[in-house]
$ cat my_file29.cif   # mmCIF, C-alpha atoms
data_coords
loop_
_atom_site.label_atom_id
_atom_site.label_comp_id
_atom_site.auth_asym_id
_atom_site.auth_seq_id
_atom_site.Cartn_x
_atom_site.Cartn_y
_atom_site.Cartn_z
CA THR I 196 127.46 222.98 83.27
CA ALA I 197 125.21 220.76 81.21
CA GLN I 198 124.98 217.11 82.48
CA PRO I 199 125.05 214.21 79.99
CA ASN I 200 121.77 212.59 79.13
CA SER I 201 121.64 209.22 81.04
CA THR I 202 118.24 208.12 79.73
CA LYS I 203 118.45 204.76 77.89
CA THR I 204 116.81 204.26 74.60
CA PRO I 205 113.95 201.71 75.01
CA SER I 206 114.19 198.57 72.91
CA PRO I 207 111.51 197.80 70.36
CA ARG I 208 110.44 194.63 72.26
CA ALA I 209 110.12 196.59 75.49
CA SER I 210 108.02 199.23 73.82
CA MET I 211 105.81 196.50 72.26
CA PRO I 212 102.41 196.40 73.83
CA ARG I 213 101.61 193.52 76.18
CA ARG I 214 98.72 192.33 74.01
CA VAL I 215 100.92 192.08 70.93
CA SER I 216 103.56 190.13 72.92
CA ARG I 217 100.98 187.59 74.06
CA CYS I 218 99.71 187.10 70.52
CA TRP I 219 103.23 186.48 69.32
CA LEU I 220 103.79 183.79 71.95
CA CYS I 221 100.53 182.02 71.06
CA THR I 222 101.43 182.08 67.36
CA ALA I 223 104.84 180.56 68.05
CA ALA I 224 103.33 177.80 70.20
CA VAL I 225 100.77 176.88 67.54
CA ALA I 226 103.45 176.80 64.88
CA ALA I 227 105.64 174.56 66.98
CA ALA I 228 102.80 172.14 67.67
CA ARG I 229 101.64 172.00 64.01
CA PRO I 230 103.13 168.99 62.14
CA LEU I 231 105.22 169.92 59.17
CA PRO I 232 105.12 167.96 55.94
CA LEU I 233 108.05 165.68 55.31
CA ARG I 234 110.30 166.80 52.52
CA PHE I 235 112.98 164.39 51.36
CA ARG I 236 115.95 165.83 49.57
CA GLY I 237 118.72 163.63 48.38
CA GLY I 238 119.67 161.01 51.07
CA SER I 239 117.23 162.32 53.66
CA ALA I 240 114.60 159.71 52.66
CA ALA I 241 116.85 156.76 53.58
CA ALA I 242 117.78 158.41 56.86
CA ALA I 243 114.12 158.95 57.69
CA LEU I 244 113.27 155.34 56.93
CA THR I 245 116.18 154.18 59.08
CA ASN I 246 114.97 156.32 61.94
CA ALA I 247 111.43 154.96 61.54
CA SER I 248 112.72 151.37 61.61
CA ALA I 249 114.73 152.18 64.73
CA LEU I 250 111.63 153.60 66.37
CA ASN I 251 109.60 150.50 65.48
CA ALA I 252 112.35 148.21 66.83
CA THR I 253 112.47 150.25 70.01
CA GLY I 254 108.72 149.93 70.40
CA GLU I 255 108.86 146.17 69.90
CA ALA I 256 111.67 145.92 72.43
CA LEU I 257 109.62 147.89 74.91
CA ASP I 258 106.67 145.55 74.29
CA LEU I 259 108.92 142.53 74.85
CA ASN I 260 110.26 144.07 78.04
CA ASP I 261 106.72 144.65 79.24
CA ALA I 262 105.81 141.03 78.45
CA HIS I 263 108.95 139.79 80.23
CA ASP I 264 108.14 141.94 83.25
CA ASN I 265 104.59 140.57 83.31
CA ALA I 266 105.87 136.98 83.05
CA THR I 267 108.42 137.61 85.80
CA ALA I 268 105.76 139.10 88.03
CA THR I 269 103.49 136.11 87.40
CA ALA I 270 106.32 133.66 88.13
CA ASN I 271 107.19 135.52 91.32
CA ALA I 272 103.57 135.46 92.43
CA THR I 273 103.34 131.72 91.69
CA THR I 274 106.58 131.06 93.58
CA THR I 275 105.31 133.08 96.52
CA ASN I 276 102.04 131.15 96.57
CA ARG I 277 103.89 127.84 96.43
CA THR I 278 106.20 128.95 99.23
CA ASP I 279 103.24 129.97 101.37
CA GLU I 280 101.48 126.67 100.67
CA GLY I 281 104.66 124.71 101.45
CA LEU I 282 105.13 126.62 104.71
CA ARG I 283 101.54 126.01 105.75
CA ALA I 284 101.87 122.32 104.86
CA SER I 285 105.11 122.08 106.88
CA ILE I 286 103.53 123.68 109.95
CA LYS I 287 100.50 121.41 109.62
CA ALA I 288 102.76 118.36 109.28
CA TYR I 289 104.71 119.52 112.34
CA PHE I 290 101.69 119.49 114.64
CA ARG I 291 100.42 116.23 113.13
CA GLY I 292 103.84 114.65 113.58
CA ALA I 293 104.07 115.82 117.20
CA LYS I 294 100.71 114.21 117.91
CA GLU I 295 101.75 110.98 116.16
CA LEU I 296 105.09 110.83 117.95
CA TRP I 297 103.39 111.32 121.32
CA GLY I 298 101.04 108.45 120.49
CA ASP I 299 104.05 106.27 119.66
CA VAL I 300 105.64 107.19 122.99
CA LYS I 301 102.52 106.04 124.83
CA THR I 302 102.47 102.81 122.83
CA TRP I 303 106.14 102.24 123.61
CA ARG I 304 105.51 102.71 127.33
CA ARG I 305 102.63 100.23 127.21
CA LEU I 306 104.79 97.64 125.45
CA ARG I 307 107.53 98.18 128.01
CA ARG I 308 105.14 97.62 130.93
CA GLU I 309 103.82 94.46 129.32
CA ALA I 310 107.37 93.19 128.81
CA LYS I 311 108.22 93.86 132.47
CA ASN I 312 105.09 92.03 133.60
CA GLY I 313 106.07 89.00 131.53
CA THR I 314 103.07 89.25 129.22
CA ASN I 315 103.67 87.27 126.05
CA MET I 316 102.02 89.05 123.15
CA ILE I 317 102.36 88.70 119.41
CA LEU I 318 103.42 92.13 118.21
CA SER I 319 102.07 93.63 115.04
CA TRP I 320 104.28 95.24 112.44
CA HIS I 321 103.38 98.71 113.72
CA GLU I 322 104.18 97.76 117.32
CA ARG I 323 107.52 96.27 116.32
CA ARG I 324 108.39 99.44 114.43
CA VAL I 325 107.28 101.62 117.37
CA LYS I 326 109.40 99.55 119.73
CA SER I 327 112.53 100.02 117.62
CA LYS I 328 112.18 103.62 116.42
CA THR I 329 110.34 105.63 119.07
CA ILE I 330 113.32 106.40 121.30
CA PRO I 331 115.71 107.41 118.45
CA HIS I 332 113.03 109.57 116.84
CA SER I 333 112.13 111.23 120.15
CA LEU I 334 115.74 112.09 120.93
CA ARG I 335 116.24 113.40 117.42
CA MET I 336 113.21 115.70 117.58
CA LEU I 337 113.70 116.82 121.20
CA PRO I 338 115.68 120.02 120.33
CA ILE I 339 112.88 121.17 118.01
CA LEU I 340 109.94 120.09 120.15
CA ALA I 341 111.41 121.56 123.35
CA ASN I 342 112.70 124.85 121.93
CA PRO I 343 112.23 127.72 124.44
CA LEU I 344 110.95 130.23 121.88
CA PRO I 345 107.23 130.96 122.34
CA PRO I 346 104.88 130.82 119.37
CA PRO I 347 104.86 132.18 116.76
CA PHE I 348 108.62 132.76 117.05
CA GLY I 349 109.24 129.07 117.73
CA LEU I 350 107.76 128.25 114.33
CA VAL I 351 110.79 129.87 112.69
CA LEU I 352 112.83 126.88 113.83
CA VAL I 353 110.22 124.58 112.31
CA GLY I 354 110.45 126.49 109.01
CA ILE I 355 114.24 126.16 108.99
CA ALA I 356 114.01 122.43 109.70
CA SER I 357 111.45 121.99 106.90
CA LEU I 358 114.07 123.22 104.39
CA VAL I 359 116.10 120.03 104.98
CA PRO I 360 113.45 117.64 106.30
CA ARG I 361 115.36 114.44 105.64
CA THR I 362 118.25 115.62 107.82
CA LEU I 363 116.50 117.51 110.62
CA LEU I 364 113.06 115.84 110.78
CA THR I 365 111.84 112.29 111.35
CA PRO I 366 109.32 110.66 108.99
CA GLU I 367 106.41 111.56 111.29
CA PHE I 368 106.97 115.25 110.52
CA TRP I 369 107.22 114.97 106.74
CA THR I 370 104.49 116.25 104.47
CA ASP I 371 102.73 113.86 102.11
CA ASN I 372 104.69 115.11 99.10
CA GLN I 373 107.98 114.81 100.97
CA ALA I 374 107.15 111.27 102.10
CA LEU I 375 106.32 110.22 98.54
CA THR I 376 109.51 111.81 97.17
CA PHE I 377 111.75 110.18 99.77
CA ALA I 378 110.03 106.82 99.36
CA THR I 379 110.61 106.99 95.60
CA GLU I 380 114.30 107.72 96.16
CA ASP I 381 114.63 104.93 98.73
CA GLY I 382 112.85 102.46 96.47
CA ALA I 383 115.16 103.29 93.56
CA ASP I 384 118.21 102.80 95.81
CA VAL I 385 116.89 99.44 97.05
CA LYS I 386 116.27 98.32 93.46
CA ARG I 387 119.87 99.13 92.52
CA ARG I 388 121.15 97.06 95.44
CA HIS I 389 118.79 94.23 94.55
CA ALA I 390 120.03 94.25 90.95
CA LYS I 391 123.64 93.88 92.11
CA LEU I 392 122.62 91.10 94.49
CA LEU I 393 120.79 89.24 91.71
CA ASP I 394 123.91 89.45 89.53
CA ALA I 395 125.99 87.91 92.32
CA LEU I 396 123.27 85.34 92.98
CA ALA I 397 123.16 84.24 89.36
CA ALA I 398 126.95 83.88 89.33
CA ALA I 399 126.92 81.87 92.58
CA ALA I 400 124.19 79.59 91.19
CA GLY I 401 126.28 78.79 88.11
CA GLY I 402 125.10 81.53 85.72
CA ASP I 403 127.16 84.06 83.84
CA GLY I 404 126.68 86.78 86.41
CA LYS I 405 124.28 88.80 84.25
CA THR I 406 120.66 89.24 85.19
CA GLY I 407 119.46 89.82 81.62
CA SER I 408 115.86 90.55 80.94
CA ASP I 409 114.44 88.15 83.53
CA GLY I 410 116.52 89.23 86.53
CA GLY I 411 118.74 86.13 86.58
CA LEU I 412 116.02 83.97 88.07
CA ASP I 413 116.39 81.21 85.46
CA ALA I 414 119.86 80.36 86.81
CA LEU I 415 118.47 79.43 90.22
CA GLY I 416 116.69 76.30 89.14
CA ASP I 417 114.87 74.49 91.94
CA VAL I 418 114.38 76.74 94.97
CA GLY I 419 114.69 73.96 97.50
CA GLY I 420 117.87 72.62 95.97
CA ALA I 421 119.45 76.07 95.68
CA PHE I 422 118.90 77.36 99.24
CA GLY I 423 118.62 74.16 101.23
CA ALA I 424 121.13 72.88 103.76
CA GLY I 425 124.46 72.07 102.10
CA ALA I 426 123.47 73.69 98.80
CA SER I 427 125.61 76.13 96.85
CA LEU I 428 123.58 79.15 98.04
CA GLU I 429 123.61 78.28 101.71
CA LEU I 430 124.79 81.15 103.90
CA SER I 431 127.86 79.28 105.14
CA ARG I 432 129.05 78.60 101.57
CA LEU I 433 128.71 82.07 100.08
CA ARG I 434 131.86 84.04 99.36
CA ARG I 435 132.85 87.17 101.23
CA LYS I 436 132.03 89.52 98.35
CA HIS I 437 128.56 88.01 98.03
CA LEU I 438 128.05 88.28 101.80
CA ILE I 439 128.88 91.99 101.68
CA ARG I 440 126.37 92.56 98.89
CA LEU I 441 123.81 90.62 100.89
CA ALA I 442 124.49 92.66 104.02
CA ARG I 443 123.92 95.84 102.03
CA CYS I 444 120.29 94.74 101.51
CA ILE I 445 119.45 94.27 105.20
CA ARG I 446 116.31 96.08 106.34
CA PRO I 447 115.65 98.69 107.53
CA HIS I 448 119.15 100.18 107.95
CA PRO I 449 121.87 98.28 106.08
CA PRO I 450 125.43 98.68 107.36
CA SER I 451 127.88 100.73 105.35
CA ARG I 452 130.21 99.04 102.92
CA TRP I 453 133.21 100.63 104.66
CA SER I 454 132.35 99.05 108.03
CA LEU I 455 131.76 95.63 106.47
CA HIS I 456 135.27 95.50 104.99
CA PHE I 457 136.75 95.63 108.50
CA LEU I 458 134.72 92.65 109.76
CA ARG I 459 135.77 89.06 109.55
CA THR I 460 133.83 86.78 107.26
CA ALA I 461 132.54 84.77 110.23
CA SER I 462 131.29 87.98 111.88
CA ILE I 463 129.47 88.97 108.69
CA ARG I 464 127.77 85.56 108.57
CA GLU I 465 126.69 85.91 112.21
CA ARG I 466 125.27 89.36 111.57
CA LEU I 467 123.43 88.07 108.51
CA ALA I 468 121.94 85.16 110.46
CA ASP I 469 120.64 87.54 113.14
CA ALA I 470 119.25 89.88 110.48
CA ALA I 471 117.53 86.94 108.76
CA ARG I 472 115.70 86.00 111.96
CA ALA I 473 114.63 89.61 112.57
CA MET I 474 113.49 90.07 108.96
CA SER I 475 111.54 86.80 109.04
CA GLU I 476 109.71 87.81 112.22
CA GLU I 477 108.95 91.24 110.77
CA ASP I 478 107.61 89.73 107.54
CA GLU I 479 105.40 87.36 109.52
CA ALA I 480 103.96 90.31 111.46
CA LEU I 481 103.47 92.21 108.23
CA ALA I 482 101.65 89.27 106.64
CA ARG I 483 99.28 89.13 109.62
CA ASP I 484 98.59 92.87 109.43
CA VAL I 485 98.02 92.78 105.67
CA SER I 486 95.55 89.91 106.05
CA LEU I 487 93.46 92.11 108.36
CA PHE I 488 92.69 94.49 105.50
CA GLN I 489 90.32 91.87 104.12
CA ASN I 490 88.29 92.19 107.33
CA ALA I 491 87.64 95.92 106.78
CA SER I 492 90.28 96.90 109.34
CA ALA I 493 93.32 99.06 108.65
CA PRO I 494 96.28 98.18 110.88
CA LEU I 495 98.69 100.01 108.56
CA SER I 496 98.34 103.66 107.64
CA PRO I 497 98.94 104.87 104.05
CA ARG I 498 102.26 106.34 105.15
CA GLU I 499 103.33 102.97 106.63
CA VAL I 500 102.31 101.10 103.46
CA LEU I 501 104.41 103.55 101.47
CA GLU I 502 107.39 102.93 103.75
CA VAL I 503 107.04 99.14 103.59
CA CYS I 504 106.88 99.13 99.78
CA ALA I 505 109.99 101.29 99.52
CA GLU I 506 111.97 99.08 101.93
CA ARG I 507 111.18 95.96 99.89
CA GLY I 508 111.93 97.48 96.50
CA LEU I 509 108.31 97.54 95.39
CA ALA I 510 106.92 100.33 93.21
CA VAL I 511 105.43 103.22 95.18
CA GLY I 512 103.52 104.82 92.32
CA GLY I 513 99.76 104.97 92.19
CA ASP I 514 97.29 105.41 95.01
CA HIS I 515 97.09 103.70 98.39
CA ALA I 516 94.92 100.84 97.10
CA ARG I 517 97.42 99.96 94.38
CA ARG I 518 100.36 100.00 96.80
CA LEU I 519 98.41 97.83 99.21
CA ALA I 520 97.64 95.35 96.40
CA ARG I 521 101.38 95.11 95.61
CA LEU I 522 102.11 94.43 99.27
CA GLU I 523 99.46 91.72 99.44
CA ARG I 524 100.92 89.99 96.38
CA TRP I 525 104.38 90.23 97.96
CA CYS I 526 103.17 88.50 101.13
CA GLU I 527 101.41 85.79 99.13
CA ALA I 528 104.50 85.14 97.01
CA ARG I 529 106.65 84.99 100.15
CA ALA I 530 104.37 82.40 101.74
CA THR I 531 104.43 80.33 98.54
CA LEU I 532 108.20 80.45 98.30
CA LEU I 533 108.69 79.44 101.94
CA SER I 534 106.19 76.61 101.70
CA ALA I 535 108.02 75.25 98.65
CA LEU I 536 111.17 74.92 100.77
CA GLY I 537 109.48 74.19 104.09
CA ALA I 538 111.73 76.83 105.64
CA GLY I 539 111.48 78.95 108.74
CA PRO I 540 113.61 81.58 110.43
CA ASP I 541 116.47 79.17 111.17
CA ASP I 542 120.08 79.03 110.03
CA ASP I 543 119.36 76.70 107.11
CA SER I 544 116.90 79.15 105.49
CA ALA I 545 118.75 82.37 106.39
CA SER I 546 120.09 82.68 102.85
CA LEU I 547 116.61 82.37 101.35
CA VAL I 548 115.13 84.91 103.80
CA LEU I 549 117.85 87.42 102.95
CA HIS I 550 117.64 86.89 99.18
CA MET I 551 113.84 86.80 99.11
CA PRO I 552 113.17 90.59 98.88
CA ALA I 553 115.32 90.87 95.75
CA LEU I 554 113.75 87.77 94.19
CA LEU I 555 110.15 88.72 94.94
CA SER I 556 110.47 92.37 93.94
CA ALA I 557 111.93 91.33 90.56
CA LEU I 558 109.23 88.72 89.98
CA LEU I 559 106.35 91.01 90.98
CA GLU I 560 107.69 93.89 88.90
CA LYS I 561 107.84 91.67 85.81
CA ALA I 562 104.35 90.35 86.51
CA GLU I 563 102.93 93.86 86.93
CA GLU I 564 104.58 95.03 83.71
CA ALA I 565 103.10 92.04 81.87
CA VAL I 566 99.61 92.83 83.21
CA ASP I 567 99.93 96.49 82.22
CA ASP I 568 101.03 95.48 78.71
CA GLU I 569 98.00 93.20 78.38
CA LEU I 570 95.70 96.03 79.48
CA VAL I 571 97.25 98.37 76.94
CA VAL I 572 96.84 95.82 74.13
CA ALA I 573 93.26 95.12 75.13
#

$ encode --input "my_file29.cif" --output "structure tokens"
Amino acid sequence: TAQPNSTKTPSPRASMPRRVSRCWLCTAAVAAARPLPLRFRGGSAAAALTNASALNATGEALDLNDAHDNATATANATTTNRTDEGLRASIKAYFRGAKELWGDVKTWRRLRREAKNGTNMILSWHERRVKSKTIPHSLRMLPILANPLPPPFGLVLVGIASLVPRTLLTPEFWTDNQALTFATEDGADVKRRHAKLLDALAAAAGGDGKTGSDGGLDALGDVGGAFGAGASLELSRLRRKHLIRLARCIRPHPPSRWSLHFLRTASIRERLADAARAMSEEDEALARDVSLFQNASAPLSPREVLEVCAERGLAVGGDHARRLARLERWCEARATLLSALGAGPDDDSASLVLHMPALLSALLEKAEEAVDDELVVA
């Protein structure tokens, strides 16, 4: 029996020689890579132009994205550098503050021994400030200074505290930029309180209650007649609202307005009389320390001069020499004002001592602005 033929017929491509197949592939590749001329028929030209515009817009968008990415990378690098510099400055300020606080502790112990021995010494402004602030600052910084984590892990706590330095750190541990920023804020707050006090002072002296352009000082008239015993601005004759405004200007930590509303008027007057004596003694010590700068000695550090200017409502801008010059003029004006009244830290001059920071800061600010205007005109 004859079997069917199972042999398949070979295809033409299979029977094509290998060399011819390779040549065909090369020809197809060259033809695909060769650019063809554009031929516009009917509406194809507008479509081609639209596609070209879309391609150009896409390229410009890509360029803008690249520029934005480069700017973002530069900003991130700058932020990283600033963060690193701020962290290094915070760590440096931490060790410097620990050294300064330890020095204050030793000074406080010396002053305590001298007080126990009955030694009568005239304290400087720095010693008075050390005596009043060393223990609160030490207790406040004890959890950070005595943390059990060994270095460098203990520095993580320092970095966290440096994020909110005004809440978790004392002024000894602030960086220079932080100290200047906080002093500027404190000075602006003191100026606002002084402006309100001058408004009340002008009203109590017979003015219209508005400071105007000159700070309300023209309504005071003669200083001796305004603040002397039995005068209208004596502490015992001021109204309760004026006494509360005056208590809000007490240095260095004024009481809150809420607590003052729950005190009797007589208690507020007693607290103001005690604060006047303390402020007068502090200003006398400050005047002695400032006078030592003329003898090439520096009893006050630049950070302390910055703090003193902010507490008295003086401008804190400029360098250390300019701030020190403002403080010297403030002490000279204070001595002139007290000598005009013949006053001291007694009950009769308590009102003048308490009002004096607002009066002097307003006068010195106007005088400095006038001098700057003259320099600009010249």

$ resolve_selection --input "my_file29.cif" --expression "the PyMOL selection byres ((chain I and resi 483) around 12)" --output "ChimeraX atom specification"
/I:317-321,476-482,484-490,492-495,522-523,526-527,530

$ closest_residue --input "my_file29.cif" --among "I:Val359, I:Ala293, I:Ile286, I:Ala383" --to "Pro347 of chain I" --atoms "only C-alpha atoms"
I:Ile286

$ atom_distance --input "my_file29.cif" --atom1 "atom CA of Leu467 of chain I" --atom2 "atom CA of Glu560 of chain I"
25.8 Å

$ atom_distance --input "my_file29.cif" --atom1 "atom CA of Ile339 of chain I" --atom2 "atom CA of Glu499 of chain I"
23.5 Å

$ closest_residue --input "my_file29.cif" --among "I:Arg498, I:Leu458, I:Lys386, I:Leu428" --to "Leu555 of chain I" --atoms "only C-alpha atoms"
I:Lys386

$ residues_around --input "my_file29.cif" --residues "Ala288 of chain I" --least-positions-apart "6" --cutoff "9 Å" --atoms "all atoms listed in the file" --output "ChimeraX atom specification"
/I:367-371

$ atom_distance --input "my_file29.cif" --atom1 "atom CA of Ser534 of chain I" --atom2 "atom CA of Ala421 of chain I"
14.6 Å

$ closest_residue --input "my_file29.cif" --among "I:Leu363, I:Leu375, I:Ala398, I:Leu340" --to "Lys294 of chain I" --atoms "only C-alpha atoms"
I:Leu340

$ closest_residue --input "my_file29.cif" --among "I:Ala374, I:Val300, I:Leu334, I:Val385" --to "Ser285 of chain I" --atoms "all atoms listed in the file"
I:Ala374

$ resolve_selection --input "my_file29.cif" --expression "the PyMOL selection byres ((chain I and resi 511) around 9)" --output "list in words"
Leu375, Ala378, Thr379, Gly382, Leu501, Glu502, Cys504, Ala505, Gly508, Leu509, Ala510, Gly512, Gly513, Asp514, His515, Arg517 and Arg518 of chain I

$ write_last_selection --input "my_file29.cif" --atoms "C-alpha atoms" --output "compact mmCIF listing (two decimals), keeping the file's coordinate frame"
# COMPACT_ATOMS: atom_id res chain seq x y z
CA LEU I 375 106.32 110.22 98.54
CA ALA I 378 110.03 106.82 99.36
CA THR I 379 110.61 106.99 95.60
CA GLY I 382 112.85 102.46 96.47
CA LEU I 501 104.41 103.55 101.47
CA GLU I 502 107.39 102.93 103.75
CA CYS I 504 106.88 99.13 99.78
CA ALA I 505 109.99 101.29 99.52
CA GLY I 508 111.93 97.48 96.50
CA LEU I 509 108.31 97.54 95.39
CA ALA I 510 106.92 100.33 93.21
CA GLY I 512 103.52 104.82 92.32
CA GLY I 513 99.76 104.97 92.19
CA ASP I 514 97.29 105.41 95.01
CA HIS I 515 97.09 103.70 98.39
CA ARG I 517 97.42 99.96 94.38
CA ARG I 518 100.36 100.00 96.80

$ axis_aligned_box --input "my_file29.cif" --around "segment 452-467 of chain I" --padding-each-side "6 Å" --output "lines of an AutoDock Vina configuration file"
center_x = 130.1
center_y = 92.7
center_z = 107.6
size_x = 25.3
size_y = 27.9
size_z = 21.3

$ closest_residue --input "my_file29.cif" --among "I:Leu282, I:Asn372, I:Pro366, I:His437" --to "Val351 of chain I" --atoms "only C-alpha atoms"
I:Leu282

$ closest_residue --input "my_file29.cif" --among "I:Met551, I:Leu559, I:Val503, I:Leu392" --to "Arg524 of chain I" --atoms "only C-alpha atoms"
I:Leu559

$ residues_around --input "my_file29.cif" --residues "Trp453 of chain I" --least-positions-apart "6" --cutoff "12 Å" --atoms "all atoms listed in the file" --output "list in words"
Ile439, Ala442 and Arg443 of chain I

$ resolve_selection --input "my_file29.cif" --expression "the PyMOL selection byres ((chain I and resi 445-449) around 9)" --output "PDB file with C-alpha atoms, in the frame of the given file"
ATOM      1  CA  LEU I 441     123.810  90.620 100.890  1.00  0.00           C
ATOM      2  CA  ALA I 442     124.490  92.660 104.020  1.00  0.00           C
ATOM      3  CA  ARG I 443     123.920  95.840 102.030  1.00  0.00           C
ATOM      4  CA  CYS I 444     120.290  94.740 101.510  1.00  0.00           C
ATOM      5  CA  PRO I 450     125.430  98.680 107.360  1.00  0.00           C
ATOM      6  CA  SER I 451     127.880 100.730 105.350  1.00  0.00           C
ATOM      7  CA  ARG I 452     130.210  99.040 102.920  1.00  0.00           C
ATOM      8  CA  LEU I 467     123.430  88.070 108.510  1.00  0.00           C
ATOM      9  CA  ALA I 470     119.250  89.880 110.480  1.00  0.00           C
ATOM     10  CA  ALA I 471     117.530  86.940 108.760  1.00  0.00           C
ATOM     11  CA  MET I 474     113.490  90.070 108.960  1.00  0.00           C
ATOM     12  CA  GLU I 506     111.970  99.080 101.930  1.00  0.00           C
ATOM     13  CA  ARG I 507     111.180  95.960  99.890  1.00  0.00           C
ATOM     14  CA  LEU I 549     117.850  87.420 102.950  1.00  0.00           C
TER      15      LEU I 549
END

$ decode --input "my_file29.cif" --residues "segment 328-382 of chain I" --atoms "C-alpha atoms" --output "CSV table (one decimal), in the first residue's frame"
chain,number,residue,atom,x,y,z
I,328,LYS,CA,19.5,84.8,89.5
I,329,THR,CA,22.1,82.1,90.1
I,330,ILE,CA,19.9,79.7,92.1
I,331,PRO,CA,16.8,79.9,89.8
I,332,HIS,CA,19.0,79.5,86.7
I,333,SER,CA,20.9,76.6,88.2
I,334,LEU,CA,17.7,74.7,89.2
I,335,ARG,CA,16.3,75.4,85.7
I,336,MET,CA,19.3,74.0,83.9
I,337,LEU,CA,20.0,71.1,86.3
I,338,PRO,CA,17.9,68.5,84.3
I,339,ILE,CA,20.0,69.3,81.1
I,340,LEU,CA,23.4,69.6,82.8
I,341,ALA,CA,23.0,66.5,84.9
I,342,ASN,CA,21.4,64.2,82.2
I,343,PRO,CA,22.8,60.6,82.5
I,344,LEU,CA,23.3,60.1,78.8
I,345,PRO,CA,27.0,60.0,77.9
I,346,PRO,CA,28.4,62.1,75.1
I,347,PRO,CA,27.7,62.4,72.3
I,348,PHE,CA,24.2,61.0,73.0
I,349,GLY,CA,23.7,63.6,75.7
I,350,LEU,CA,24.1,66.3,73.1
I,351,VAL,CA,20.8,65.2,71.6
I,352,LEU,CA,19.0,66.7,74.6
I,353,VAL,CA,21.0,69.9,74.1
I,354,GLY,CA,19.9,70.0,70.5
I,355,ILE,CA,16.2,69.6,71.5
I,356,ALA,CA,16.5,72.4,74.0
I,357,SER,CA,18.1,74.7,71.5
I,358,LEU,CA,14.9,74.5,69.4
I,359,VAL,CA,13.0,76.4,72.1
I,360,PRO,CA,15.9,78.2,73.9
I,361,ARG,CA,13.7,80.8,75.5
I,362,THR,CA,11.6,78.2,77.3
I,363,LEU,CA,14.2,75.5,78.1
I,364,LEU,CA,17.5,77.4,78.4
I,365,THR,CA,18.7,80.3,80.5
I,366,PRO,CA,20.3,83.4,79.0
I,367,GLU,CA,23.8,82.0,79.7
I,368,PHE,CA,23.2,79.3,77.1
I,369,TRP,CA,21.8,81.4,74.3
I,370,THR,CA,23.8,82.1,71.2
I,371,ASP,CA,24.7,85.6,70.2
I,372,ASN,CA,22.0,85.8,67.5
I,373,GLN,CA,19.4,84.4,69.9
I,374,ALA,CA,20.4,86.9,72.6
I,375,LEU,CA,20.1,89.8,70.2
I,376,THR,CA,16.7,88.6,68.9
I,377,PHE,CA,15.3,88.1,72.4
I,378,ALA,CA,16.7,91.5,73.5
I,379,THR,CA,15.0,93.2,70.6
I,380,GLU,CA,11.7,91.6,71.4
I,381,ASP,CA,12.0,92.5,75.1
I,382,GLY,CA,12.9,96.1,74.3
